[in-house]
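Enquirer: I have a structure here, written as structure tokens, and I will follow up with some questions on it.
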Amino acid sequence: MSTYAGTLSRSRLSDPKTVGVVGIALGVLAFVLAIPPVTLRSAVWPVVIGFVALVFGIVAISRGATRVGGGAIAAGIAGTALALLAIQSSVSNLDQVVDASLIAQMLVFATPLTFAAVGGMFSERSGVVNIGLEGMMLMGAFWGIWGADKTGNWFLGVLIAMLAGGLLALVHAFFAIHLRADQIVGGTAVNFLALGITGYFFVQLYHGGNIPTGVSQIPSLHLTSASSSTFFGDSFGNLNYMIWAAILLVPLSYVVMFKTPLGLRIRACGEHPRAADTVGINVYVVRYASVVLSGVLAAMGGAYLTVGYLNTFNENVTAGRGFIALAALIFGNWRPFGAFGAALLFGLSTAVALRLHVYSDLASTLFQALPYVLTLIAVAGVIGRTIPPAAVGRPYKKQ
């Protein structure tokens with residue numbers, strides 16, 4: 001048995017992709033050793049581990065795993081450089097930037113992206129490109145807080161936001177599916193339409209000023225007492241209900257999309273609509289439902305921004321988060337867990353940017369651009385080769 005286990009272990013290590021992945025992990029480890037809770041104050045171990053990661057990357061590239069090997073080299077260099085910067089910093093500043101509450105803040109910024117990215121997955125898996133996620137989030141953001149303000153109930157506000165996002169998505173679906181218009185142009189028009197609608201009604205209903213204070217806000221789920229200061233309490237003890245809903249949405253959407261007949265129908269319409277039509281699947285109905293569902297989910301992300309986090313509204317409050325969510329979807333290869341991981345990455349970069357002011361206001365401001373830089377990288381397709389649904393963006397005409 002031990003001989004078999006040793007042979008299996010050696011065979012895995014001989015795989016160039018495995019070597020590259022181990023190199024990436026070592027590069028991350030080089031940085032982790034220099035930050036809390038470890039906080040090594042010596043450069044020896046980070047440099048050594050980063051060098052080993054570099055070697056693993058070179059070995060992976062020499063064996064044909066170019067992408068993952070390049071990732072290992074980048075991780076080794078970046079991990080070592082960041083570790084050396086952390087060692088130069090004072091421990092008190094590090095504790096302000098990296099602590100348990102960073103996880104909670106990361107989830108806060110990742111939540112609206114998760115809702116929109118999962119919504120985009122349903123639309124694009126059915127074959128309809130939805131770059132109108134930004135506009136649907138914006139509609140949810142405004143009508144969500146308007147509903148919470150007028151009804152005095154945050155839950156009704158979220159329902160109104162979902163309705164608004166679904167209606168805007170229906171407009172996009174009508175042009176993309178029924179009229180077979182260009183889906184990129186249609187999605188762009190939807191974004192401008194949402195910007196105009198929310199701007200107009202913001203001026204009409206609130207005179208362009210701030211939303212009145214005291215609007216019903218989405219509460220938090222208190223798993224620990226407010227006075228307790230533990231790692232679990234600071235990171236997961238007092239998260240908003242919508243954050244937990246976003247986390248639960250990820251496995252639920254995976255089960256629906258990949259483990260149920262309904263998900264099979266959606267994927268069939270996005271991969272080969274003609275074959276799906278042949279076996280009796282109504283491609284139009286599936287695509288309409290999927291696009292509307294994407295608008296509903298994106299609007300939930302927008303409602304979380306205003307009703308669950310900011311508790312106010314400003315024009316264009318989503319600030320491009322719909323496009324970042326679309327990039328997260330591409331990062332995740334049109335799968336919910338991958339999209340959630342990318343959303344966490346974007347959320348982490350935003351959370352860290354807000355904490356870097358302890359070092360420099362300039363560094364904090366520059367780092368806030370990182371999510372948008374990552375968006376450009378995702379759209380350019382530099383990180384990995386993603387495979388979209390075969391028929392996405394192609395209008396279908398029943399014969």
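For the structure tokens, the naming scheme is as follows: chains receive sequential letters (A, B, ...) according to their order of presentation, residues are indexed from 1 within each chain, and ligands are indexed from 1 in presentation order.
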Excluding range 88-104 of chain A and any residue of its chain fewer than 4 positions from it, enumerate the residues within 6 Å of it, using only C-alpha atoms, and give them as a PyMOL selection string.
Expert: chain A and resi 231+234-235+355
Enquirer: Restricted to N, CA and C atoms, what would the selected residues look like written as a PDB file, in the first residue's frame?
Expert:
ATOM      1  N   PHE A 231     -11.745  35.605  16.221  1.00  0.00           N
ATOM      2  CA  PHE A 231     -11.551  35.579  14.773  1.00  0.00           C
ATOM      3  C   PHE A 231     -12.872  35.312  14.066  1.00  0.00           C
ATOM      4  N   ASP A 234     -15.266  38.399  14.476  1.00  0.00           N
ATOM      5  CA  ASP A 234     -14.897  39.576  13.683  1.00  0.00           C
ATOM      6  C   ASP A 234     -15.078  39.342  12.190  1.00  0.00           C
ATOM      7  N   SER A 235     -14.980  38.093  11.739  1.00  0.00           N
ATOM      8  CA  SER A 235     -15.046  37.817  10.310  1.00  0.00           C
ATOM      9  C   SER A 235     -16.445  37.397   9.848  1.00  0.00           C
ATOM     10  N   ARG A 355      -7.909  50.267   3.279  1.00  0.00           N
ATOM     11  CA  ARG A 355      -7.110  50.203   4.497  1.00  0.00           C
ATOM     12  C   ARG A 355      -5.687  50.731   4.298  1.00  0.00           C
TER      13      ARG A 355
END
Enquirer: Each residue of range 233-296 of chain A lying at most 10 Å from range 328-336 of chain A should get a row with its shortest atom-to-atom pair and the distance in Å to one decimal, counting only C-alpha atoms; could you produce that, ordered by chain and increasing number, as JSON lines?
Expert:
{"residue": "A:Leu249", "atom": "CA", "partner": "A:Pro336", "partner_atom": "CA", "distance": 8.7}
{"residue": "A:Val250", "atom": "CA", "partner": "A:Pro336", "partner_atom": "CA", "distance": 5.5}
{"residue": "A:Pro251", "atom": "CA", "partner": "A:Pro336", "partner_atom": "CA", "distance": 7.4}
{"residue": "A:Leu252", "atom": "CA", "partner": "A:Pro336", "partner_atom": "CA", "distance": 9.1}
{"residue": "A:Ser253", "atom": "CA", "partner": "A:Pro336", "partner_atom": "CA", "distance": 6.7}
{"residue": "A:Tyr254", "atom": "CA", "partner": "A:Pro336", "partner_atom": "CA", "distance": 6.0}
{"residue": "A:Val255", "atom": "CA", "partner": "A:Pro336", "partner_atom": "CA", "distance": 9.8}
{"residue": "A:Met257", "atom": "CA", "partner": "A:Arg335", "partner_atom": "CA", "distance": 8.9}
{"residue": "A:Phe258", "atom": "CA", "partner": "A:Arg335", "partner_atom": "CA", "distance": 9.4}
Enquirer: What's the separation between CA of Ser349 in chain A and CA of Phe109 in chain A, in Å to one decimal place?
Expert: 9.3 Å
Enquirer: Write out as a list in words each polymer residue whose atoms come within 9 Å of range 389-399 of chain A, counting only C-alpha atoms; drop sequence neighbours fewer than 6 positions from it.
Expert: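 Contacts, with the query itself left out: Glu124, Arg125, Ser126, Gly127, Val128, Val129, Asn130, Ala176, Ile177, His178, Leu179, Arg180, Ala181, Asp182, Gln183, Ile184, Arg267, Cys269, Gly270, Glu271, His272, Pro273, Arg274, Asp277, Val283, Tyr284 and Trp334 of chain A.
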Enquirer: Next, the residues of the selection above should be written as a PDB file, in the first residue's frame with C-alpha atoms.
Expert:
ATOM      1  CA  GLU A 124     -25.269  33.617 -20.911  1.00  0.00           C
ATOM      2  CA  ARG A 125     -25.646  29.891 -20.309  1.00  0.00           C
ATOM      3  CA  SER A 126     -28.961  30.193 -22.134  1.00  0.00           C
ATOM      4  CA  GLY A 127     -27.248  31.933 -25.054  1.00  0.00           C
ATOM      5  CA  VAL A 128     -27.914  35.642 -24.406  1.00  0.00           C
ATOM      6  CA  VAL A 129     -25.042  38.018 -23.690  1.00  0.00           C
ATOM      7  CA  ASN A 130     -25.999  40.335 -20.856  1.00  0.00           C
ATOM      8  CA  ALA A 176     -32.191  40.244 -28.050  1.00  0.00           C
ATOM      9  CA  ILE A 177     -34.542  37.277 -28.502  1.00  0.00           C
ATOM     10  CA  HIS A 178     -37.682  38.482 -30.250  1.00  0.00           C
ATOM     11  CA  LEU A 179     -36.203  41.198 -32.465  1.00  0.00           C
ATOM     12  CA  ARG A 180     -32.810  39.429 -32.711  1.00  0.00           C
ATOM     13  CA  ALA A 181     -30.943  42.709 -32.232  1.00  0.00           C
ATOM     14  CA  ASP A 182     -27.230  42.840 -31.558  1.00  0.00           C
ATOM     15  CA  GLN A 183     -26.943  41.808 -27.903  1.00  0.00           C
ATOM     16  CA  ILE A 184     -23.886  43.922 -27.140  1.00  0.00           C
ATOM     17  CA  ARG A 267     -27.296  24.847 -21.085  1.00  0.00           C
ATOM     18  CA  CYS A 269     -30.208  26.391 -25.371  1.00  0.00           C
ATOM     19  CA  GLY A 270     -26.827  28.065 -24.939  1.00  0.00           C
ATOM     20  CA  GLU A 271     -24.800  25.315 -26.582  1.00  0.00           C
ATOM     21  CA  HIS A 272     -27.014  24.053 -29.410  1.00  0.00           C
ATOM     22  CA  PRO A 273     -30.434  25.718 -29.567  1.00  0.00           C
ATOM     23  CA  ARG A 274     -31.406  23.921 -32.779  1.00  0.00           C
ATOM     24  CA  ASP A 277     -35.687  22.816 -30.192  1.00  0.00           C
ATOM     25  CA  VAL A 283     -35.744  27.966 -26.708  1.00  0.00           C
ATOM     26  CA  TYR A 284     -37.541  31.307 -26.582  1.00  0.00           C
ATOM     27  CA  TRP A 334     -19.284  30.711 -16.541  1.00  0.00           C
TER      28      TRP A 334
END
Enquirer: Out of A:Gly64, A:Gly208, A:Gly302, A:Pro261, which residue has the shortest atom-to-atom distance to Gly135 in chain A when counting only C-alpha atoms?
Expert: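 For Gly135 in chain A, the nearest of the candidates is A:Gly302.
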Enquirer: Can you pull out the residues contacting Thr365 in chain A? Cut-off 9 Å, using only C-alpha atoms, and skip same-chain residues under 5 positions away; I want them as a compact mmCIF listing (two decimals) with N, CA and C atoms, in the first residue's frame.
Expert:
# COMPACT_ATOMS: atom_id res chain seq x y z
N ALA A 353 -7.67 48.22 -0.42
CA ALA A 353 -7.44 49.60 -0.86
C ALA A 353 -7.92 50.60 0.18
N LEU A 354 -9.04 50.32 0.81
CA LEU A 354 -9.59 51.24 1.80
C LEU A 354 -8.75 51.29 3.07
N LEU A 356 -5.29 50.94 3.05
CA LEU A 356 -3.92 51.35 2.79
C LEU A 356 -3.64 52.81 3.14
N HIS A 357 -4.66 53.53 3.55
CA HIS A 357 -4.42 54.94 3.91
C HIS A 357 -3.51 55.07 5.13
N SER A 360 -0.33 55.38 3.00
CA SER A 360 -0.30 56.51 2.07
C SER A 360 -1.68 56.67 1.44
